[in-house]
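Down below is the structure, laid out as structure tokens.
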Amino acid sequence: MGEVIAVVSGKGGVGKTTLTGNLGIALSELGFSVILIDADLAMANLSLLMGLKTPPITIHDVLLGSSAVEDAIYDGPKGVKVIPAGLSLSVYTRVDSERLVTVAKSLKNKYDFVLIDSPAGIEKNVLAAMSASSQILLITEPTAPSVADAFKAKIVAQRLNQRVMGVVINKVSNAKGEISEKEIMKMLELPSFGKVPYSEEIRESFLLKKIKPTLIHNPNSSSANSFRHIARKVSGKEIEIALEEEKNKKPLFAGLVMALKKMFSKNKKKE
Amino acid sequence: MFSAISKLVTRISAKVLNVEDYSRDNCLSSLLEYKPIFIHSVDLTDFLMKLRVKHLINDIIITDLDGVIVASTSKDLKEGFKSAAMYNYINSELNKLSIILIESDGWHIIFKNQENIYFMKANDSLSRIEVTTIIDEIDGFLKCIV
């Protein structure tokens, strides 16, 4: 059974869509099957980031009950599947966002990760995204208004008895006055899943004729690596790698004996 | 005395040097004082009182299908009788519905599990998700105490 994770921020423009798209690709790179749902029903743009050209069937049609979920699934980059939201405002007014719970449930058994890109705020659509998920990943900028809104989102999640797994700090530039990762963790009482540096590369990737996620546009950039780090943490791979490294660590003395043995066996062969 | 002078000197020098103030005077303190509400109670009315605070609603009333009050945080009990009658009417017409939600005069009337009727008064409209979460918490509590 897969994990359904809603990416929530409270404040708008923090980087929910960027995180959802890039985290999805990074998880896919790790070998997981991933599907992204654009639950930002009014201000949808995940489809633009994932390079989908005006998809005919969207999450709006699914929530309206006029299309099956399977018909709204499209191929994104690196094997990631995407359920985009429609851009039409007239459709948005008629949609029942609370059906998102059923949609997420139906996808949970088919994918390792279902990532929900939620809207800003703490309104009905956000509640729907939260309650459709099994865990919530908060994202904030290292500024007071953003952390305050993330805190409010956390309170709402707790009211709905949803688990908040941690926080991602985006647009970190280490400028004077920025709230540090430690402080944010202390304020929100949550573990940090990583920091994404403020980068022109991300902004640049949004200016291209065909918008691309950072992991595709600039796969070796520091921000791309940050998304990979977050993906390892989200998937638990980081713990696996740490455990593997720990397992492979040999005691100093044993390592020395092994090295000497190797050296002697090579010399013997030469003789 | 010394700290007051030090503060004054810092302020004047910051003004003279045109240095921006980056210190945060606990601007988030009021928000961060909030602590999540975990309800520990063995009494149903006390549980509803705390649930009311947790979910920012004004009142919760639970009645059985005959309109008899099971528990309430409100004195406005006549709602119970009215709504039980309404439930019985709706149920006789549309008896296959798993949940019925009626909004009237700030009250959210929810018929759910064929055993109880729930009434919630809120200043703003409650979403179905919030209503379901509250009922699930009440049902969980009722299961525990029975």
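Here, A, B, ... name the chains of the structure tokens in the order displayed, residue numbers run from 1 inside each chain, and ligands are numbered from 1 in the same displayed order.
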
Test item: chain B residues at most 7 Å from chain A, counting only C-alpha atoms, as a list in words
Tyr22, Ser23, Leu28, Leu32, Pro36, Lys54, His55, Ser127, Ile129, Glu130 and Thr133 of chain B

Which residues come within 7 Å of segment 100-109 of chain B, counting only C-alpha atoms, excluding same-chain residues fewer than 2 positions away, as a ChimeraX atom specification?
/B:97-98,111-112,118-123

Need the shell around His40 of chain B: protein/DNA/RNA residues with any atom at most 12 Å away, counting only C-alpha atoms. Skip same-chain ones fewer than 2 positions apart. Format as an MDAnalysis selection string?
chainID B and resid 37:38 42:44 46:51 141 144

Produce a file of the selected residues containing N, CA and C atoms, as a PDB file, in the first residue's frame.
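Saved to again.pdb:
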```pdb
ATOM      1  N   ILE B  37      -4.775  20.448  20.951  1.00  0.00           N
ATOM      2  CA  ILE B  37      -5.677  19.951  21.998  1.00  0.00           C
ATOM      3  C   ILE B  37      -5.826  18.433  21.882  1.00  0.00           C
ATOM      4  N   PHE B  38      -5.365  17.746  22.890  1.00  0.00           N
ATOM      5  CA  PHE B  38      -5.576  16.301  22.970  1.00  0.00           C
ATOM      6  C   PHE B  38      -6.610  16.078  24.065  1.00  0.00           C
ATOM      7  N   VAL B  42     -13.461  11.132  30.441  1.00  0.00           N
ATOM      8  CA  VAL B  42     -14.287   9.920  30.536  1.00  0.00           C
ATOM      9  C   VAL B  42     -15.769  10.281  30.515  1.00  0.00           C
ATOM     10  N   ASP B  43     -16.042  11.597  30.599  1.00  0.00           N
ATOM     11  CA  ASP B  43     -17.421  12.060  30.615  1.00  0.00           C
ATOM     12  C   ASP B  43     -17.789  12.625  29.239  1.00  0.00           C
ATOM     13  N   LEU B  44     -18.915  12.173  28.700  1.00  0.00           N
ATOM     14  CA  LEU B  44     -19.294  12.555  27.334  1.00  0.00           C
ATOM     15  C   LEU B  44     -19.498  14.067  27.192  1.00  0.00           C
ATOM     16  N   ASP B  46     -18.249  16.478  29.013  1.00  0.00           N
ATOM     17  CA  ASP B  46     -16.936  17.125  29.131  1.00  0.00           C
ATOM     18  C   ASP B  46     -16.143  16.941  27.823  1.00  0.00           C
ATOM     19  N   PHE B  47     -16.251  15.751  27.242  1.00  0.00           N
ATOM     20  CA  PHE B  47     -15.576  15.462  25.975  1.00  0.00           C
ATOM     21  C   PHE B  47     -16.090  16.401  24.876  1.00  0.00           C
ATOM     22  N   LEU B  48     -17.418  16.591  24.832  1.00  0.00           N
ATOM     23  CA  LEU B  48     -18.010  17.466  23.812  1.00  0.00           C
ATOM     24  C   LEU B  48     -17.581  18.919  24.015  1.00  0.00           C
ATOM     25  N   MET B  49     -17.484  19.320  25.271  1.00  0.00           N
ATOM     26  CA  MET B  49     -17.041  20.691  25.598  1.00  0.00           C
ATOM     27  C   MET B  49     -15.644  20.927  25.014  1.00  0.00           C
ATOM     28  N   LYS B  50     -14.759  19.945  25.223  1.00  0.00           N
ATOM     29  CA  LYS B  50     -13.383  20.091  24.744  1.00  0.00           C
ATOM     30  C   LYS B  50     -13.312  19.978  23.218  1.00  0.00           C
ATOM     31  N   LEU B  51     -14.159  19.129  22.679  1.00  0.00           N
ATOM     32  CA  LEU B  51     -14.199  18.945  21.221  1.00  0.00           C
ATOM     33  C   LEU B  51     -14.633  20.243  20.525  1.00  0.00           C
ATOM     34  N   PHE B 141     -15.181   7.957  20.743  1.00  0.00           N
ATOM     35  CA  PHE B 141     -15.317   8.121  22.193  1.00  0.00           C
ATOM     36  C   PHE B 141     -16.458   7.247  22.715  1.00  0.00           C
ATOM     37  N   CYS B 144     -15.567   3.706  23.015  1.00  0.00           N
ATOM     38  CA  CYS B 144     -14.649   3.447  24.134  1.00  0.00           C
ATOM     39  C   CYS B 144     -15.387   3.347  25.470  1.00  0.00           C
TER      40      CYS B 144
END
```

What's the separation between atom CA of Gly21 of chain A and atom CA of Leu49 of chain A, in Å to one decimal place?
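These two atoms are separated by 7.2 Å.
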
Which residues come within 6 Å of segment 72-75 of chain A, counting only C-alpha atoms, excluding same-chain residues fewer than 5 positions away, as a JSON list (two decimals) with N, CA and C atoms, in the first residue's frame?
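That gives us selection-v3.json:
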```json
[["chain", "number", "residue", "atom", "x", "y", "z"],
["A", 57, "ILE", "N", -8.78, 15.59, -20.27],
["A", 57, "ILE", "CA", -9.53, 15.15, -19.07],
["A", 57, "ILE", "C", -8.67, 15.47, -17.85],
["A", 58, "THR", "N", -9.27, 16.09, -16.87],
["A", 58, "THR", "CA", -8.51, 16.53, -15.70],
["A", 58, "THR", "C", -9.18, 16.05, -14.40],
["A", 81, "LYS", "N", 3.66, 9.74, -13.15],
["A", 81, "LYS", "CA", 2.31, 9.93, -13.68],
["A", 81, "LYS", "C", 1.71, 11.20, -13.06],
["A", 82, "VAL", "N", 0.87, 11.85, -13.84],
["A", 82, "VAL", "CA", 0.30, 13.12, -13.37],
["A", 82, "VAL", "C", -1.21, 13.17, -13.62],
["A", 83, "ILE", "N", -1.94, 13.60, -12.59],
["A", 83, "ILE", "CA", -3.37, 13.93, -12.79],
["A", 83, "ILE", "C", -3.46, 15.44, -12.70]]
```

To test your reading of the structure, identify every residue in segment 11-120 of chain A that backbone DSSP assigns to alpha helix (DSSP H), and report it as number ranges by chain.
A: 16-29, 46-49, 59-64, 89-94, 100-108

May I have the residues from that selection written out with N, CA and C atoms, as an mmCIF file, in the first residue's frame?
```cif
data_model
loop_
_atom_site.group_PDB
_atom_site.id
_atom_site.type_symbol
_atom_site.label_atom_id
_atom_site.label_comp_id
_atom_site.auth_asym_id
_atom_site.auth_seq_id
_atom_site.Cartn_x
_atom_site.Cartn_y
_atom_site.Cartn_z
ATOM 1 N N LYS A 16 5.085 24.984 -3.387
ATOM 2 C CA LYS A 16 4.407 23.681 -3.257
ATOM 3 C C LYS A 16 4.475 22.888 -4.560
ATOM 4 N N THR A 17 4.147 23.570 -5.661
ATOM 5 C CA THR A 17 4.125 22.884 -6.946
ATOM 6 C C THR A 17 5.535 22.459 -7.343
ATOM 7 N N THR A 18 6.495 23.338 -7.134
ATOM 8 C CA THR A 18 7.892 23.025 -7.463
ATOM 9 C C THR A 18 8.351 21.809 -6.657
ATOM 10 N N LEU A 19 8.015 21.782 -5.376
ATOM 11 C CA LEU A 19 8.412 20.652 -4.534
ATOM 12 C C LEU A 19 7.699 19.371 -4.979
ATOM 13 N N THR A 20 6.397 19.475 -5.211
ATOM 14 C CA THR A 20 5.635 18.285 -5.609
ATOM 15 C C THR A 20 6.219 17.677 -6.890
ATOM 16 N N GLY A 21 6.432 18.518 -7.898
ATOM 17 C CA GLY A 21 6.948 18.036 -9.184
ATOM 18 C C GLY A 21 8.328 17.425 -9.045
ATOM 19 N N ASN A 22 9.224 18.149 -8.411
ATOM 20 C CA ASN A 22 10.612 17.669 -8.306
ATOM 21 C C ASN A 22 10.745 16.484 -7.352
ATOM 22 N N LEU A 23 9.961 16.504 -6.280
ATOM 23 C CA LEU A 23 9.996 15.369 -5.338
ATOM 24 C C LEU A 23 9.496 14.104 -6.036
ATOM 25 N N GLY A 24 8.460 14.274 -6.840
ATOM 26 C CA GLY A 24 7.936 13.140 -7.602
ATOM 27 C C GLY A 24 8.993 12.541 -8.505
ATOM 28 N N ILE A 25 9.712 13.398 -9.228
ATOM 29 C CA ILE A 25 10.757 12.920 -10.148
ATOM 30 C C ILE A 25 11.883 12.248 -9.350
ATOM 31 N N ALA A 26 12.274 12.883 -8.231
ATOM 32 C CA ALA A 26 13.361 12.326 -7.416
ATOM 33 C C ALA A 26 12.967 10.958 -6.843
ATOM 34 N N LEU A 27 11.716 10.809 -6.441
ATOM 35 C CA LEU A 27 11.258 9.508 -5.920
ATOM 36 C C LEU A 27 11.240 8.466 -7.031
ATOM 37 N N SER A 28 10.867 8.913 -8.217
ATOM 38 C CA SER A 28 10.853 8.016 -9.373
ATOM 39 C C SER A 28 12.280 7.556 -9.710
ATOM 40 N N GLU A 29 13.232 8.479 -9.597
ATOM 41 C CA GLU A 29 14.652 8.131 -9.832
ATOM 42 C C GLU A 29 15.130 7.061 -8.848
ATOM 43 N N LEU A 46 0.457 22.634 -11.993
ATOM 44 C CA LEU A 46 1.344 21.465 -11.986
ATOM 45 C C LEU A 46 1.508 20.909 -13.401
ATOM 46 N N SER A 47 0.430 20.986 -14.175
ATOM 47 C CA SER A 47 0.490 20.455 -15.543
ATOM 48 C C SER A 47 1.504 21.234 -16.383
ATOM 49 N N LEU A 48 1.599 22.548 -16.128
ATOM 50 C CA LEU A 48 2.572 23.371 -16.873
ATOM 51 C C LEU A 48 3.985 22.955 -16.508
ATOM 52 N N LEU A 49 4.217 22.756 -15.201
ATOM 53 C CA LEU A 49 5.542 22.364 -14.733
ATOM 54 C C LEU A 49 5.939 20.992 -15.279
ATOM 55 N N ILE A 59 -8.550 16.411 -13.298
ATOM 56 C CA ILE A 59 -9.092 16.044 -11.975
ATOM 57 C C ILE A 59 -10.485 16.660 -11.783
ATOM 58 N N HIS A 60 -10.731 17.795 -12.432
ATOM 59 C CA HIS A 60 -12.056 18.417 -12.344
ATOM 60 C C HIS A 60 -13.136 17.472 -12.873
ATOM 61 N N ASP A 61 -12.830 16.820 -14.004
ATOM 62 C CA ASP A 61 -13.803 15.885 -14.588
ATOM 63 C C ASP A 61 -14.024 14.695 -13.661
ATOM 64 N N VAL A 62 -12.920 14.259 -13.022
ATOM 65 C CA VAL A 62 -13.021 13.122 -12.104
ATOM 66 C C VAL A 62 -13.864 13.514 -10.884
ATOM 67 N N LEU A 63 -13.607 14.694 -10.345
ATOM 68 C CA LEU A 63 -14.337 15.143 -9.161
ATOM 69 C C LEU A 63 -15.803 15.444 -9.469
ATOM 70 N N LEU A 64 -16.051 15.804 -10.720
ATOM 71 C CA LEU A 64 -17.443 16.033 -11.143
ATOM 72 C C LEU A 64 -18.184 14.713 -11.355
ATOM 73 N N LEU A 89 -12.098 28.235 -15.088
ATOM 74 C CA LEU A 89 -12.645 28.699 -13.817
ATOM 75 C C LEU A 89 -14.114 28.303 -13.666
ATOM 76 N N SER A 90 -14.786 28.152 -14.812
ATOM 77 C CA SER A 90 -16.205 27.791 -14.742
ATOM 78 C C SER A 90 -16.371 26.365 -14.217
ATOM 79 N N VAL A 91 -15.439 25.498 -14.580
ATOM 80 C CA VAL A 91 -15.493 24.122 -14.094
ATOM 81 C C VAL A 91 -15.189 24.104 -12.596
ATOM 82 N N TYR A 92 -14.232 24.948 -12.209
ATOM 83 C CA TYR A 92 -13.804 24.985 -10.803
ATOM 84 C C TYR A 92 -14.968 25.262 -9.855
ATOM 85 N N THR A 93 -15.870 26.130 -10.256
ATOM 86 C CA THR A 93 -16.961 26.503 -9.362
ATOM 87 C C THR A 93 -17.913 25.340 -9.090
ATOM 88 N N ARG A 94 -17.952 24.377 -9.975
ATOM 89 C CA ARG A 94 -18.919 23.291 -9.822
ATOM 90 C C ARG A 94 -18.343 22.046 -9.145
ATOM 91 N N LEU A 100 -11.940 14.084 -3.480
ATOM 92 C CA LEU A 100 -10.506 13.807 -3.593
ATOM 93 C C LEU A 100 -10.095 12.636 -2.700
ATOM 94 N N VAL A 101 -10.788 12.488 -1.593
ATOM 95 C CA VAL A 101 -10.508 11.401 -0.644
ATOM 96 C C VAL A 101 -10.662 10.052 -1.358
ATOM 97 N N THR A 102 -11.738 9.901 -2.102
ATOM 98 C CA THR A 102 -11.991 8.655 -2.831
ATOM 99 C C THR A 102 -10.956 8.446 -3.920
ATOM 100 N N VAL A 103 -10.603 9.536 -4.618
ATOM 101 C CA VAL A 103 -9.607 9.439 -5.699
ATOM 102 C C VAL A 103 -8.277 8.947 -5.136
ATOM 103 N N ALA A 104 -7.832 9.558 -4.037
ATOM 104 C CA ALA A 104 -6.547 9.172 -3.438
ATOM 105 C C ALA A 104 -6.584 7.726 -2.970
ATOM 106 N N LYS A 105 -7.707 7.327 -2.403
ATOM 107 C CA LYS A 105 -7.847 5.947 -1.915
ATOM 108 C C LYS A 105 -7.680 4.946 -3.048
ATOM 109 N N SER A 106 -8.284 5.278 -4.208
ATOM 110 C CA SER A 106 -8.229 4.352 -5.336
ATOM 111 C C SER A 106 -6.830 4.245 -5.923
ATOM 112 N N LEU A 107 -5.984 5.270 -5.723
ATOM 113 C CA LEU A 107 -4.636 5.252 -6.296
ATOM 114 C C LEU A 107 -3.596 4.674 -5.332
ATOM 115 N N LYS A 108 -3.958 4.660 -4.078
ATOM 116 C CA LYS A 108 -3.051 4.241 -3.012
ATOM 117 C C LYS A 108 -2.517 2.817 -3.224
#
```

So that each row is one residue of segment 46-162 of chain A with an atom at most 9 Å from segment 2-8 of chain A, can you give its shortest atom pair and the distance in Å to one decimal, using only C-alpha atoms, rows by chain and rising number, as CSV?
```
residue,atom,partner,partner_atom,distance
A:Ala104,CA,A:Val4,CA,7.1
A:Lys105,CA,A:Val4,CA,8.5
A:Leu107,CA,A:Gly2,CA,8.3
A:Lys108,CA,A:Gly2,CA,5.0
A:Asn109,CA,A:Gly2,CA,5.9
A:Lys110,CA,A:Gly2,CA,7.3
A:Tyr111,CA,A:Gly2,CA,5.6
A:Asp112,CA,A:Gly2,CA,4.1
A:Phe113,CA,A:Glu3,CA,5.0
A:Val114,CA,A:Val4,CA,4.6
A:Leu115,CA,A:Ile5,CA,5.0
A:Ile116,CA,A:Ala6,CA,4.5
A:Asp117,CA,A:Val7,CA,5.4
A:Ser118,CA,A:Val8,CA,5.7
A:Pro119,CA,A:Val8,CA,7.3
A:Ala120,CA,A:Val8,CA,7.3
A:Gly121,CA,A:Val8,CA,8.8
A:Val126,CA,A:Val8,CA,7.9
A:Ala129,CA,A:Ala6,CA,6.3
A:Met130,CA,A:Ala6,CA,6.1
A:Ser131,CA,A:Ala6,CA,8.9
A:Ala132,CA,A:Val4,CA,7.5
A:Ser133,CA,A:Val4,CA,4.7
A:Ser134,CA,A:Val4,CA,5.2
A:Gln135,CA,A:Ile5,CA,5.0
A:Ile136,CA,A:Ala6,CA,4.9
A:Leu137,CA,A:Val7,CA,5.0
A:Leu138,CA,A:Val8,CA,5.0
A:Ile139,CA,A:Val8,CA,6.2
A:Thr140,CA,A:Val8,CA,8.9
A:Ala150,CA,A:Val8,CA,7.8
A:Ala153,CA,A:Val8,CA,7.3
A:Lys154,CA,A:Val8,CA,8.9
```
